[in-house]
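Engineer: Following this line is input-v4.cif, made up of mmCIF, C-alpha atoms and all ligand atoms:
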data_run
#
loop_
_atom_site.label_atom_id
_atom_site.label_comp_id
_atom_site.auth_asym_id
_atom_site.auth_seq_id
_atom_site.Cartn_x
_atom_site.Cartn_y
_atom_site.Cartn_z
CA MET A 1 -71.56 21.27 -56.27
CA VAL A 2 -69.63 21.20 -53.03
CA ILE A 3 -70.69 18.47 -50.63
CA GLU A 4 -69.76 18.84 -46.98
CA MET A 5 -66.95 16.58 -45.84
CA ASN A 6 -67.85 14.19 -43.06
CA VAL A 7 -65.67 15.39 -40.21
CA LEU A 8 -66.34 13.58 -36.95
CA ARG A 9 -65.08 15.86 -34.19
CA TYR A 10 -64.77 14.05 -30.87
CA GLU A 11 -67.20 15.10 -28.16
CA LYS A 12 -64.38 15.29 -25.67
CA ASN A 13 -62.68 18.04 -27.71
CA PRO A 14 -60.48 19.77 -26.88
CA ILE A 15 -58.78 16.61 -25.58
CA ILE A 16 -55.77 18.39 -24.06
CA THR A 17 -55.80 21.98 -22.83
CA PRO A 18 -53.14 24.12 -21.08
CA LYS A 19 -54.85 23.39 -17.75
CA ASP A 20 -53.89 19.72 -18.12
CA VAL A 21 -50.18 20.56 -18.27
CA LYS A 22 -48.11 21.46 -15.22
CA PRO A 23 -45.52 24.16 -16.00
CA LEU A 24 -41.88 23.06 -15.80
CA HIS A 25 -40.72 26.51 -14.70
CA ASP A 26 -41.48 28.27 -11.42
CA GLY A 27 -43.41 31.49 -11.97
CA PHE A 28 -44.57 30.42 -15.44
CA GLU A 29 -47.98 29.47 -16.81
CA VAL A 30 -48.75 27.05 -19.63
CA ILE A 31 -50.58 28.97 -22.34
CA GLY A 32 -50.51 26.32 -25.05
CA ALA A 33 -50.42 22.54 -25.50
CA PHE A 34 -50.91 22.30 -29.24
CA ASN A 35 -49.62 21.41 -32.76
CA ALA A 36 -48.56 17.89 -31.75
CA GLY A 37 -46.77 15.36 -33.93
CA VAL A 38 -48.25 11.87 -33.61
CA ALA A 39 -46.76 8.39 -33.23
CA LYS A 40 -48.07 4.89 -32.68
CA TYR A 41 -45.59 3.36 -30.22
CA LYS A 42 -46.17 -0.13 -28.79
CA ASP A 43 -49.85 -0.14 -27.83
CA GLU A 44 -50.06 3.60 -27.28
CA THR A 45 -50.81 6.77 -29.21
CA LEU A 46 -48.21 9.42 -28.44
CA LEU A 47 -48.71 13.13 -28.97
CA LEU A 48 -45.53 15.17 -29.20
CA LEU A 49 -47.09 18.29 -27.78
CA ARG A 50 -45.73 21.76 -28.32
CA VAL A 51 -46.00 23.18 -24.82
CA ALA A 52 -45.70 26.97 -24.61
CA GLU A 53 -44.88 28.43 -21.21
CA ARG A 54 -44.96 32.13 -20.38
CA PRO A 55 -43.53 33.97 -17.37
CA ILE A 56 -46.44 35.35 -15.34
CA SER A 57 -46.44 39.15 -15.44
CA HIS A 58 -47.78 40.85 -12.33
CA ASP A 59 -48.05 44.22 -14.04
CA GLU A 60 -50.44 44.64 -16.95
CA ASN A 61 -48.08 47.12 -18.56
CA ILE A 62 -45.17 44.73 -18.55
CA ILE A 63 -44.71 42.02 -21.19
CA LEU A 64 -42.07 39.38 -20.51
CA ALA A 65 -39.99 37.37 -22.97
CA PRO A 66 -38.19 34.16 -21.92
CA VAL A 67 -34.86 33.15 -23.46
CA TYR A 68 -33.07 29.90 -22.55
CA TYR A 69 -29.32 29.45 -22.96
CA PRO A 70 -28.62 25.69 -23.11
CA ARG A 71 -24.82 25.95 -22.69
CA GLU A 72 -25.19 27.61 -19.31
CA GLU A 73 -28.61 26.06 -18.59
CA ARG A 74 -29.75 29.60 -17.86
CA LEU A 75 -33.24 31.01 -18.29
CA GLU A 76 -33.35 34.76 -18.76
CA ILE A 77 -36.53 36.81 -18.62
CA LEU A 78 -36.56 40.09 -20.51
CA SER A 79 -39.03 42.78 -19.61
CA PHE A 80 -40.77 45.25 -21.94
CA ASP A 81 -43.05 48.16 -21.18
CA LYS A 82 -46.22 48.14 -23.29
CA ARG A 83 -46.08 51.96 -23.40
CA ASP A 84 -42.66 51.93 -25.05
CA SER A 85 -43.47 52.96 -28.63
CA LYS A 86 -40.21 51.46 -29.89
CA TYR A 87 -41.93 48.07 -29.66
CA ASN A 88 -45.17 46.67 -31.01
CA PHE A 89 -47.12 44.12 -28.94
CA GLU A 90 -50.22 43.69 -31.13
CA ASP A 91 -49.51 40.03 -31.96
CA PRO A 92 -49.73 38.24 -28.57
CA ARG A 93 -47.12 35.69 -29.72
CA LEU A 94 -44.38 38.19 -30.52
CA ILE A 95 -42.45 41.30 -29.57
CA ARG A 96 -41.65 43.35 -32.65
CA LEU A 97 -39.84 46.59 -33.35
CA SER A 98 -42.42 49.19 -34.43
CA SER A 99 -40.11 50.08 -37.30
CA GLU A 100 -39.92 46.45 -38.56
CA LEU A 101 -43.32 44.83 -38.31
CA ASP A 102 -42.55 42.05 -40.77
CA ARG A 103 -40.18 40.33 -38.32
CA PHE A 104 -39.95 39.70 -34.60
CA GLU A 105 -37.30 40.34 -31.94
CA TYR A 106 -38.55 38.02 -29.19
CA LEU A 107 -41.31 35.51 -28.47
CA THR A 108 -43.61 35.95 -25.48
CA SER A 109 -43.41 32.24 -24.58
CA LEU A 110 -40.86 29.43 -24.64
CA SER A 111 -41.98 26.26 -26.45
CA TYR A 112 -40.62 22.76 -26.00
CA ILE A 113 -41.87 19.27 -26.85
CA ARG A 114 -43.51 17.12 -24.19
CA ILE A 115 -45.14 13.73 -24.70
CA ALA A 116 -48.76 12.81 -23.94
CA ARG A 117 -49.54 9.06 -23.95
CA SER A 118 -52.83 7.22 -24.39
CA LYS A 119 -54.11 3.67 -24.79
CA ASP A 120 -57.50 4.69 -26.25
CA GLY A 121 -56.42 7.69 -28.33
CA VAL A 122 -58.66 10.07 -26.37
CA ASN A 123 -57.58 10.08 -22.72
CA PHE A 124 -53.96 11.19 -22.41
CA THR A 125 -51.46 11.25 -19.57
CA ILE A 126 -48.80 13.92 -19.93
CA ASP A 127 -45.16 13.19 -19.05
CA ASP A 128 -43.74 15.12 -16.09
CA LYS A 129 -40.66 16.14 -18.04
CA ALA A 130 -39.89 17.52 -21.48
CA PHE A 131 -38.88 15.19 -24.30
CA LEU A 132 -37.20 17.84 -26.46
CA TYR A 133 -36.08 20.90 -24.54
CA PRO A 134 -33.87 23.55 -26.22
CA PHE A 135 -30.42 21.92 -26.39
CA ASN A 136 -28.34 24.14 -28.67
CA ASP A 137 -27.74 27.76 -29.69
CA TYR A 138 -30.31 27.56 -32.50
CA GLN A 139 -33.09 26.99 -30.00
CA ILE A 140 -32.79 29.76 -27.40
CA TYR A 141 -36.35 30.95 -28.15
CA GLY A 142 -37.71 27.38 -28.18
CA VAL A 143 -38.52 24.34 -30.29
CA GLU A 144 -41.89 24.07 -32.02
CA ASP A 145 -44.32 22.03 -34.10
CA ALA A 146 -42.89 18.48 -34.21
CA ARG A 147 -43.75 16.01 -36.97
CA CYS A 148 -42.99 12.33 -36.51
CA THR A 149 -42.37 9.79 -39.28
CA GLN A 150 -41.79 6.13 -38.48
CA MET A 151 -39.39 4.09 -40.65
CA GLY A 152 -38.84 0.57 -39.34
CA ASP A 153 -38.33 0.77 -35.59
CA THR A 154 -36.96 4.32 -35.75
CA TYR A 155 -39.06 7.44 -35.38
CA TYR A 156 -37.73 10.58 -37.06
CA ILE A 157 -38.89 13.84 -35.59
CA THR A 158 -38.55 17.17 -37.41
CA PHE A 159 -39.26 20.47 -35.65
CA SER A 160 -38.57 24.20 -35.84
CA SER A 161 -35.65 25.59 -33.86
CA VAL A 162 -36.09 29.26 -33.07
CA SER A 163 -33.37 31.76 -32.13
CA GLU A 164 -32.14 35.23 -33.02
CA LYS A 165 -30.34 33.51 -35.94
CA GLY A 166 -33.70 32.62 -37.51
CA VAL A 167 -36.10 29.68 -37.62
CA CYS A 168 -34.48 26.52 -39.00
CA ASP A 169 -35.55 22.88 -39.08
CA SER A 170 -33.89 20.20 -37.00
CA LEU A 171 -34.05 16.41 -37.00
CA VAL A 172 -33.76 13.88 -34.20
CA ALA A 173 -34.25 10.11 -34.23
CA THR A 174 -35.59 7.98 -31.39
CA LYS A 175 -36.46 4.36 -30.85
CA ASP A 176 -37.96 4.68 -27.38
CA PHE A 177 -39.33 8.23 -26.93
CA ASP A 178 -37.04 8.62 -23.98
CA SER A 179 -33.66 9.48 -25.47
CA TYR A 180 -32.89 10.74 -28.97
CA GLU A 181 -30.02 11.27 -31.38
CA PHE A 182 -29.61 14.73 -32.95
CA LEU A 183 -29.08 14.45 -36.72
CA GLY A 184 -28.56 18.13 -37.39
CA ASN A 185 -30.25 21.28 -38.64
CA VAL A 186 -31.48 19.78 -41.89
CA PHE A 187 -32.97 22.90 -43.48
CA VAL A 188 -31.39 26.33 -43.18
CA ALA A 189 -33.25 29.37 -41.83
CA GLU A 190 -35.76 30.60 -42.59
CA ASN A 191 -37.75 27.46 -43.07
CA LYS A 192 -40.58 25.63 -41.28
CA ASP A 193 -42.96 22.68 -41.63
CA VAL A 194 -40.47 19.96 -42.59
CA VAL A 195 -42.25 16.63 -42.94
CA LEU A 196 -40.55 13.38 -44.01
CA PHE A 197 -42.13 10.79 -46.29
CA PRO A 198 -42.53 7.41 -44.51
CA GLU A 199 -40.42 5.47 -47.04
CA LYS A 200 -37.83 5.96 -49.76
CA VAL A 201 -39.05 6.66 -53.29
CA ASN A 202 -36.76 5.29 -56.00
CA GLY A 203 -33.95 4.90 -53.50
CA LYS A 204 -34.15 8.38 -51.99
CA TYR A 205 -35.65 9.92 -48.90
CA TYR A 206 -38.08 12.75 -49.51
CA ALA A 207 -39.21 15.73 -47.45
CA LEU A 208 -41.64 18.58 -47.81
CA HIS A 209 -40.41 21.91 -46.48
CA ARG A 210 -41.49 25.54 -46.42
CA PRO A 211 -38.91 28.27 -46.98
CA SER A 212 -40.18 31.62 -45.66
CA LEU A 213 -39.00 33.92 -48.40
CA LYS A 214 -38.41 37.60 -47.85
CA SER A 215 -37.21 39.36 -51.03
CA ILE A 216 -39.40 37.69 -53.66
CA GLY A 217 -41.62 34.62 -53.79
CA ASN A 218 -44.16 33.34 -51.31
CA TYR A 219 -44.56 31.05 -48.30
CA ASP A 220 -44.91 27.92 -50.47
CA ILE A 221 -44.25 24.19 -50.02
CA TRP A 222 -41.10 22.77 -51.63
CA LEU A 223 -39.91 19.19 -52.09
CA ALA A 224 -36.36 17.93 -51.46
CA SER A 225 -34.64 14.53 -51.57
CA SER A 226 -31.72 13.04 -49.67
CA PRO A 227 -29.54 9.91 -49.76
CA ASP A 228 -29.15 9.78 -45.97
CA LEU A 229 -31.77 12.04 -44.29
CA GLU A 230 -29.04 14.51 -43.30
CA SER A 231 -28.06 16.26 -46.55
CA TRP A 232 -30.93 17.52 -48.65
CA GLY A 233 -30.95 18.73 -52.24
CA ASN A 234 -32.79 18.62 -55.55
CA HIS A 235 -35.23 21.26 -54.27
CA LYS A 236 -38.40 21.76 -56.25
CA HIS A 237 -41.25 24.18 -55.81
CA LEU A 238 -44.36 22.06 -55.22
CA ILE A 239 -47.48 23.74 -53.82
CA GLY A 240 -47.91 27.51 -53.94
CA ILE A 241 -50.34 29.88 -52.26
CA ARG A 242 -53.54 30.69 -54.17
CA PRO A 243 -54.65 34.32 -54.18
CA GLU A 244 -58.20 34.90 -52.90
CA ASN A 245 -58.47 31.36 -51.61
CA TRP A 246 -58.33 29.89 -48.07
CA ASP A 247 -54.59 29.31 -48.68
CA SER A 248 -53.76 32.77 -50.03
CA GLY A 249 -51.23 33.81 -47.37
CA ARG A 250 -49.07 30.79 -46.66
CA VAL A 251 -49.04 27.02 -46.97
CA GLY A 252 -47.01 24.37 -45.13
CA ALA A 253 -47.00 20.58 -44.90
CA GLY A 254 -49.01 19.11 -42.04
CA LEU A 255 -49.07 15.32 -41.61
CA PRO A 256 -46.45 12.91 -42.98
CA PRO A 257 -47.66 12.04 -46.51
CA ILE A 258 -50.00 9.04 -46.60
CA LYS A 259 -49.37 6.38 -49.25
CA THR A 260 -52.54 5.46 -51.15
CA ASP A 261 -53.21 3.54 -54.39
CA GLU A 262 -53.82 6.86 -56.12
CA GLY A 263 -50.70 8.66 -54.94
CA TRP A 264 -49.09 10.33 -51.93
CA LEU A 265 -51.81 12.12 -50.03
CA VAL A 266 -50.46 15.36 -48.61
CA ILE A 267 -52.55 17.04 -45.93
CA TYR A 268 -51.28 20.57 -45.50
CA HIS A 269 -52.26 23.79 -43.76
CA GLY A 270 -53.06 26.99 -45.55
CA ALA A 271 -53.71 30.41 -44.09
CA THR A 272 -55.12 33.65 -45.37
CA GLU A 273 -53.28 36.95 -44.99
CA ASN A 274 -55.41 37.43 -41.86
CA HIS A 275 -54.04 34.22 -40.33
CA LYS A 276 -57.12 32.02 -40.58
CA TYR A 277 -55.67 28.49 -40.79
CA CYS A 278 -57.45 25.58 -42.54
CA MET A 279 -56.30 22.12 -43.66
CA GLY A 280 -56.44 21.00 -47.30
CA ALA A 281 -55.25 18.08 -49.43
CA ALA A 282 -53.10 17.44 -52.49
CA LEU A 283 -52.14 14.28 -54.32
CA LEU A 284 -48.58 13.56 -55.54
CA ASP A 285 -47.41 10.93 -58.00
CA LEU A 286 -46.27 7.75 -56.21
CA ASP A 287 -43.10 7.31 -58.30
CA ASP A 288 -42.25 10.98 -58.69
CA PRO A 289 -43.55 13.10 -55.79
CA SER A 290 -42.55 16.28 -57.64
CA ILE A 291 -45.65 15.77 -59.81
CA VAL A 292 -48.77 17.28 -58.23
CA LEU A 293 -51.68 15.23 -59.62
CA SER A 294 -54.41 17.34 -58.04
CA ARG A 295 -55.20 19.70 -55.18
CA SER A 296 -58.38 20.47 -53.28
CA ILE A 297 -60.05 23.77 -54.04
CA GLN A 298 -62.03 23.47 -50.80
CA PRO A 299 -60.36 22.79 -47.43
CA ILE A 300 -60.96 19.47 -45.67
CA LEU A 301 -61.14 21.10 -42.24
CA GLU A 302 -61.73 24.69 -41.23
CA PRO A 303 -62.22 26.47 -37.90
CA GLU A 304 -65.88 26.00 -36.98
CA ALA A 305 -66.08 24.74 -33.40
CA GLU A 306 -65.81 27.21 -30.53
CA TYR A 307 -62.35 25.88 -29.53
CA GLU A 308 -61.14 26.23 -33.13
CA LYS A 309 -62.29 29.83 -33.41
CA HIS A 310 -61.31 31.21 -30.01
CA GLY A 311 -58.16 30.96 -27.92
CA PHE A 312 -54.72 32.48 -27.58
CA PHE A 313 -54.59 32.91 -31.37
CA GLY A 314 -58.04 32.06 -32.78
CA GLU A 315 -59.26 30.72 -36.13
CA VAL A 316 -56.54 28.09 -36.32
CA VAL A 317 -56.70 24.35 -37.05
CA PHE A 318 -53.16 22.98 -37.44
CA GLY A 319 -52.68 19.23 -37.97
CA CYS A 320 -49.20 17.71 -37.63
CA GLY A 321 -50.06 14.02 -37.45
CA GLY A 322 -52.63 11.28 -37.43
CA ILE A 323 -53.22 7.56 -37.27
CA VAL A 324 -54.38 5.66 -40.36
CA GLU A 325 -56.43 2.46 -39.95
CA GLY A 326 -57.87 1.23 -43.24
CA ASP A 327 -59.96 4.07 -44.63
CA LYS A 328 -60.06 5.93 -41.31
CA LEU A 329 -57.74 8.84 -40.54
CA THR A 330 -57.77 9.93 -36.93
CA MET A 331 -56.27 13.39 -37.19
CA TYR A 332 -54.93 15.20 -34.13
CA TYR A 333 -54.69 18.93 -34.57
CA GLY A 334 -53.83 22.07 -32.67
CA VAL A 335 -56.64 24.55 -32.16
CA SER A 336 -56.25 28.32 -31.73
CA ASP A 337 -52.56 27.91 -30.72
CA THR A 338 -53.99 26.72 -27.38
CA SER A 339 -55.19 23.11 -27.20
CA MET A 340 -55.38 19.76 -29.00
CA ALA A 341 -58.45 18.38 -30.73
CA VAL A 342 -59.10 15.21 -32.71
CA CYS A 343 -61.40 14.24 -35.55
CA GLU A 344 -62.03 11.26 -37.81
CA LEU A 345 -62.04 11.58 -41.57
CA SER A 346 -62.38 9.07 -44.40
CA ILE A 347 -59.28 8.76 -46.60
CA SER A 348 -61.38 7.97 -49.67
CA GLU A 349 -63.40 11.11 -49.06
CA ILE A 350 -60.26 13.22 -48.65
CA LEU A 351 -58.99 11.76 -51.92
CA LYS A 352 -62.23 12.76 -53.62
CA ARG A 353 -61.87 16.26 -52.25
CA ALA A 354 -58.21 16.37 -53.32
CA LYS A 355 -59.43 15.55 -56.85
CA ASN A 356 -62.29 18.07 -56.46
CA GLU A 357 -64.93 15.40 -57.01
CA ILE A 358 -66.71 16.56 -53.86
C1 LIG A 401 -44.89 32.52 -35.77
C2 LIG A 401 -45.88 31.71 -34.95
C3 LIG A 401 -45.42 31.56 -33.52
C4 LIG A 401 -44.00 31.04 -33.49
C5 LIG A 401 -43.08 31.93 -34.31
C6 LIG A 401 -41.68 31.38 -34.40
O1 LIG A 401 -44.96 33.85 -35.39
O2 LIG A 401 -46.02 30.45 -35.53
O3 LIG A 401 -46.26 30.69 -32.81
O4 LIG A 401 -43.55 30.96 -32.17
O5 LIG A 401 -43.58 32.05 -35.62
O6 LIG A 401 -41.66 30.16 -35.07
#
Translate the structure of the given file into structure tokens.
Structural biologist:
Amino acid sequence: MVIEMNVLRYEKNPIITPKDVKPLHDGFEVIGAFNAGVAKYKDETLLLLRVAERPISHDENIILAPVYYPREERLEILSFDKRDSKYNFEDPRLIRLSSELDRFEYLTSLSYIRIARSKDGVNFTIDDKAFLYPFNDYQIYGVEDARCTQMGDTYYITFSSVSEKGVCDSLVATKDFDSYEFLGNVFVAENKDVVLFPEKVNGKYYALHRPSLKSIGNYDIWLASSPDLESWGNHKHLIGIRPENWDSGRVGAGLPPIKTDEGWLVIYHGATENHKYCMGAALLDLDDPSIVLSRSIQPILEPEAEYEKHGFFGEVVFGCGGIVEGDKLTMYYGVSDTSMAVCELSISEILKRAKNEI
């Protein structure tokens, strides 16, 4: 018997919407403030928002694509005619060649990471400037989907860097959420959803990552370890897609793994082939995270509320971080590639679901 999970969605949801964010670029509109990494810093909750800005098109037949060249600090706006059959514009996020629908040529928005700060975890003030704005050649189409893992007084932030070279994963470290140190592109393209464990296991750092395979294999979660956070190896396949399930199309790590008495609790996203995104849970062995102890058959969160079902790209809940206090997980999650929402869940209940006891 499947018992409903107790998911307490906040009444104020969505807590941050594009309207709350002032565009950084003249002639642009903010179309998304979503998929935020989360940090507890001093007495504040910080959301590392993915802000997506799009050049405003004044002609309904014209689709624009922004590209930013950091070396020259130059923003270029490319223009495409919707009637040009060489291109396909069906997915609002992308511009694709009609002859190659399994890849994209350009994105219709430029994403960067901007910080929202709050003392109560619900009412946020958004910084006037970007925290992470494209700063190298691997990021000319933007930086996306930050995850933040605290170790001591240092916060490590992983994110996707997008360019014509592919989507790779980059790492920066900060102690003050003002400046940061770039530690490199830690996972080669094409890869997404890199999430660091909050402590070493048997003397090594660990990360979950998601290669996006093209010739054979699926969009599955892998595990890697590192002596120094910069060079990663010992890759192991960890959590695969499950045909006919809510995670049949792709899976990817969500929040930094949570240490519990029963194991590392991994809260990940899974999507169907039709791009409906839910969140689910798996449990890894504390001493050897390459051992999957169990995995939820049912999701822990799925798109149900209006703001989760409708938006720029609907039917998406996408959690990248949360705050744990005792048994309570306050999970912040992107909704419909548009806004941020928050809910409270019980860790012990998630563990039960991960073990398929509820
Ligand atoms: C996917 C989506 C987009 C994202 C691109 C590049 O198509 O997640 O939102 O911009 O990949 O990462």
Engineer: How big is the axis-aligned box around all listed atoms of ligand LIG 401 (chain A) once 5 Å goes on each side, and where's its centre, in Å to one decimal, as lines of an AutoDock Vina configuration file?
Structural biologist:
center_x = -44.0
center_y = 32.0
center_z = -34.0
size_x = 14.6
size_y = 13.7
size_z = 13.6
Engineer: Need the shell around Leu345 in chain A: protein/DNA/RNA residues with any atom at most 7 Å away, counting only C-alpha atoms. Skip same-chain ones fewer than 2 positions apart. Format as number ranges by chain?
Structural biologist: A: 6-8, 328-330, 343, 347
Engineer: Could you please determine the separation between CA of Val266 in chain A and CA of Pro289 in chain A in Å, to one decimal place?
Structural biologist: 10.2 Å
Engineer: With distances taken over all atoms listed in the file, which residue among A:Ile297, A:Ala253, A:Leu238, A:Ile95 lies nearest ligand LIG 401 (chain A)?
Structural biologist: A:Ile95
Engineer: With only C-alpha atoms as the atoms that count, which of A:Gly32, A:Gly27, A:Gly334, A:Gly142 lies nearest to His58 in chain A?
Structural biologist: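 Residue with the minimum atom-to-atom distance to His58 in chain A: A:Gly27.
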Engineer: Calculate how many Å separate CA of Glu349 in chain A from CA of Gly263 in chain A, rounding to one decimal.
Structural biologist: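 Taking CA of Glu349 in chain A and CA of Gly263 in chain A, their separation equals 14.2 Å.
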Engineer: If you measure from CA of Leu283 in chain A to CA of Val188 in chain A, what distance in Å do you get, rounded to one decimal?
Structural biologist: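 Taking CA of Leu283 in chain A as the start and CA of Val188 in chain A as the end point, the length is 26.5 Å.
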Engineer: List all protein, DNA and RNA residues that have any atom at most 8 Å from ligand LIG 401 (chain A), counting only C-alpha atoms and all ligand atoms, and write the list as a ChimeraX atom specification.
Structural biologist: /A:93-94,104,107,109,111,142,144,160-162,167,192,337
Engineer: Give me the residues near range 82-90 of chain A as a PDB file with C-alpha atoms, in the frame of the given file, where near means some atom within 9 Å (using all atoms listed in the file) and where sequence neighbours in that chain fewer than 2 positions away do not count.
Structural biologist:
ATOM      1  CA  GLU A  60     -50.440  44.640 -16.950  1.00  0.00           C
ATOM      2  CA  ASN A  61     -48.080  47.120 -18.560  1.00  0.00           C
ATOM      3  CA  ILE A  62     -45.170  44.730 -18.550  1.00  0.00           C
ATOM      4  CA  ILE A  63     -44.710  42.020 -21.190  1.00  0.00           C
ATOM      5  CA  PHE A  80     -40.770  45.250 -21.940  1.00  0.00           C
ATOM      6  CA  PRO A  92     -49.730  38.240 -28.570  1.00  0.00           C
ATOM      7  CA  ARG A  93     -47.120  35.690 -29.720  1.00  0.00           C
ATOM      8  CA  LEU A  94     -44.380  38.190 -30.520  1.00  0.00           C
ATOM      9  CA  ILE A  95     -42.450  41.300 -29.570  1.00  0.00           C
ATOM     10  CA  ARG A  96     -41.650  43.350 -32.650  1.00  0.00           C
ATOM     11  CA  LEU A  97     -39.840  46.590 -33.350  1.00  0.00           C
ATOM     12  CA  SER A  98     -42.420  49.190 -34.430  1.00  0.00           C
ATOM     13  CA  SER A  99     -40.110  50.080 -37.300  1.00  0.00           C
ATOM     14  CA  LEU A 101     -43.320  44.830 -38.310  1.00  0.00           C
TER      15      LEU A 101
END
Engineer: Let me make sure I understand: among A:Asn35, A:Asn274, A:Asn218, A:Ser294, which one has the smallest atom-to-atom distance to Ala146 in chain A if we use all atoms listed in the file?
Structural biologist: A:Asn35
Engineer: Using all atoms listed in the file, pick whichever of A:Asp81, A:Ile140, A:Val38, A:Glu4 has the shortest atom-to-atom distance to Ile300 in chain A.
Structural biologist: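 Using all atoms listed in the file, the shortest distance to Ile300 in chain A belongs to A:Glu4.
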Engineer: Find the residues near Glu308 in chain A: any atom within 6 Å, counting all atoms listed in the file, skip ones fewer than 3 places away on the same chain, and give them as a list in words.
Structural biologist: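 Residues near the query, excluding close chain neighbours: Pro303, Ala305, Glu315, Val316, Val335 and Ser336 of chain A.
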Engineer: Pick out the closest residue to Leu75 in chain A from this set: A:Leu223, A:Leu110, A:Ile258, A:Val51. Count only C-alpha atoms.
Structural biologist: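 Among the listed residues, the smallest separation from Leu75 in chain A belongs to A:Leu110.
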Engineer: List the neighbours of Asn245 in chain A out to 10 Å using only C-alpha atoms; skip same-chain residues closer than 6 positions along the sequence, and give me the result as a PyMOL selection string.
Structural biologist: chain A and resi 270-272+297-299
Engineer: Find the residues near Asp26 in chain A: any atom within 12 Å, counting all atoms listed in the file, skip ones fewer than 6 places away on the same chain, and give them as number ranges by chain.
Structural biologist: A: 53-56, 75
Engineer: Would you please work out which residue, of A:Pro211, A:Pro18, A:Pro23, A:Gly121, is nearest to Ala189 in chain A when using only C-alpha atoms?
Structural biologist: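 Ranked by minimum distance to Ala189 in chain A, first place goes to A:Pro211.
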Engineer: For a cut-off of 12 Å around (-49.7, 19.6, -26.1), file coordinates, pick out all residues using all atoms listed in the file and list them as a PDB file with C-alpha atoms, in the frame of the given file.
Structural biologist:
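Once written, part32.pdb looks like this:
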ATOM      1  CA  PRO A  14     -60.480  19.770 -26.880  1.00  0.00           C
ATOM      2  CA  ILE A  15     -58.780  16.610 -25.580  1.00  0.00           C
ATOM      3  CA  ILE A  16     -55.770  18.390 -24.060  1.00  0.00           C
ATOM      4  CA  THR A  17     -55.800  21.980 -22.830  1.00  0.00           C
ATOM      5  CA  PRO A  18     -53.140  24.120 -21.080  1.00  0.00           C
ATOM      6  CA  LYS A  19     -54.850  23.390 -17.750  1.00  0.00           C
ATOM      7  CA  ASP A  20     -53.890  19.720 -18.120  1.00  0.00           C
ATOM      8  CA  VAL A  21     -50.180  20.560 -18.270  1.00  0.00           C
ATOM      9  CA  LYS A  22     -48.110  21.460 -15.220  1.00  0.00           C
ATOM     10  CA  PRO A  23     -45.520  24.160 -16.000  1.00  0.00           C
ATOM     11  CA  VAL A  30     -48.750  27.050 -19.630  1.00  0.00           C
ATOM     12  CA  ILE A  31     -50.580  28.970 -22.340  1.00  0.00           C
ATOM     13  CA  GLY A  32     -50.510  26.320 -25.050  1.00  0.00           C
ATOM     14  CA  ALA A  33     -50.420  22.540 -25.500  1.00  0.00           C
ATOM     15  CA  PHE A  34     -50.910  22.300 -29.240  1.00  0.00           C
ATOM     16  CA  ASN A  35     -49.620  21.410 -32.760  1.00  0.00           C
ATOM     17  CA  ALA A  36     -48.560  17.890 -31.750  1.00  0.00           C
ATOM     18  CA  GLY A  37     -46.770  15.360 -33.930  1.00  0.00           C
ATOM     19  CA  VAL A  38     -48.250  11.870 -33.610  1.00  0.00           C
ATOM     20  CA  LEU A  46     -48.210   9.420 -28.440  1.00  0.00           C
ATOM     21  CA  LEU A  47     -48.710  13.130 -28.970  1.00  0.00           C
ATOM     22  CA  LEU A  48     -45.530  15.170 -29.200  1.00  0.00           C
ATOM     23  CA  LEU A  49     -47.090  18.290 -27.780  1.00  0.00           C
ATOM     24  CA  ARG A  50     -45.730  21.760 -28.320  1.00  0.00           C
ATOM     25  CA  VAL A  51     -46.000  23.180 -24.820  1.00  0.00           C
ATOM     26  CA  ALA A  52     -45.700  26.970 -24.610  1.00  0.00           C
ATOM     27  CA  GLU A  53     -44.880  28.430 -21.210  1.00  0.00           C
ATOM     28  CA  SER A 111     -41.980  26.260 -26.450  1.00  0.00           C
ATOM     29  CA  TYR A 112     -40.620  22.760 -26.000  1.00  0.00           C
ATOM     30  CA  ILE A 113     -41.870  19.270 -26.850  1.00  0.00           C
ATOM     31  CA  ARG A 114     -43.510  17.120 -24.190  1.00  0.00           C
ATOM     32  CA  ILE A 115     -45.140  13.730 -24.700  1.00  0.00           C
ATOM     33  CA  ALA A 116     -48.760  12.810 -23.940  1.00  0.00           C
ATOM     34  CA  ARG A 117     -49.540   9.060 -23.950  1.00  0.00           C
ATOM     35  CA  PHE A 124     -53.960  11.190 -22.410  1.00  0.00           C
ATOM     36  CA  THR A 125     -51.460  11.250 -19.570  1.00  0.00           C
ATOM     37  CA  ILE A 126     -48.800  13.920 -19.930  1.00  0.00           C
ATOM     38  CA  ASP A 127     -45.160  13.190 -19.050  1.00  0.00           C
ATOM     39  CA  ALA A 130     -39.890  17.520 -21.480  1.00  0.00           C
ATOM     40  CA  PHE A 131     -38.880  15.190 -24.300  1.00  0.00           C
ATOM     41  CA  GLU A 144     -41.890  24.070 -32.020  1.00  0.00           C
ATOM     42  CA  ASP A 145     -44.320  22.030 -34.100  1.00  0.00           C
ATOM     43  CA  ALA A 146     -42.890  18.480 -34.210  1.00  0.00           C
ATOM     44  CA  CYS A 320     -49.200  17.710 -37.630  1.00  0.00           C
ATOM     45  CA  TYR A 332     -54.930  15.200 -34.130  1.00  0.00           C
ATOM     46  CA  TYR A 333     -54.690  18.930 -34.570  1.00  0.00           C
ATOM     47  CA  GLY A 334     -53.830  22.070 -32.670  1.00  0.00           C
ATOM     48  CA  VAL A 335     -56.640  24.550 -32.160  1.00  0.00           C
ATOM     49  CA  ASP A 337     -52.560  27.910 -30.720  1.00  0.00           C
ATOM     50  CA  THR A 338     -53.990  26.720 -27.380  1.00  0.00           C
ATOM     51  CA  SER A 339     -55.190  23.110 -27.200  1.00  0.00           C
ATOM     52  CA  MET A 340     -55.380  19.760 -29.000  1.00  0.00           C
ATOM     53  CA  ALA A 341     -58.450  18.380 -30.730  1.00  0.00           C
TER      54      ALA A 341
END
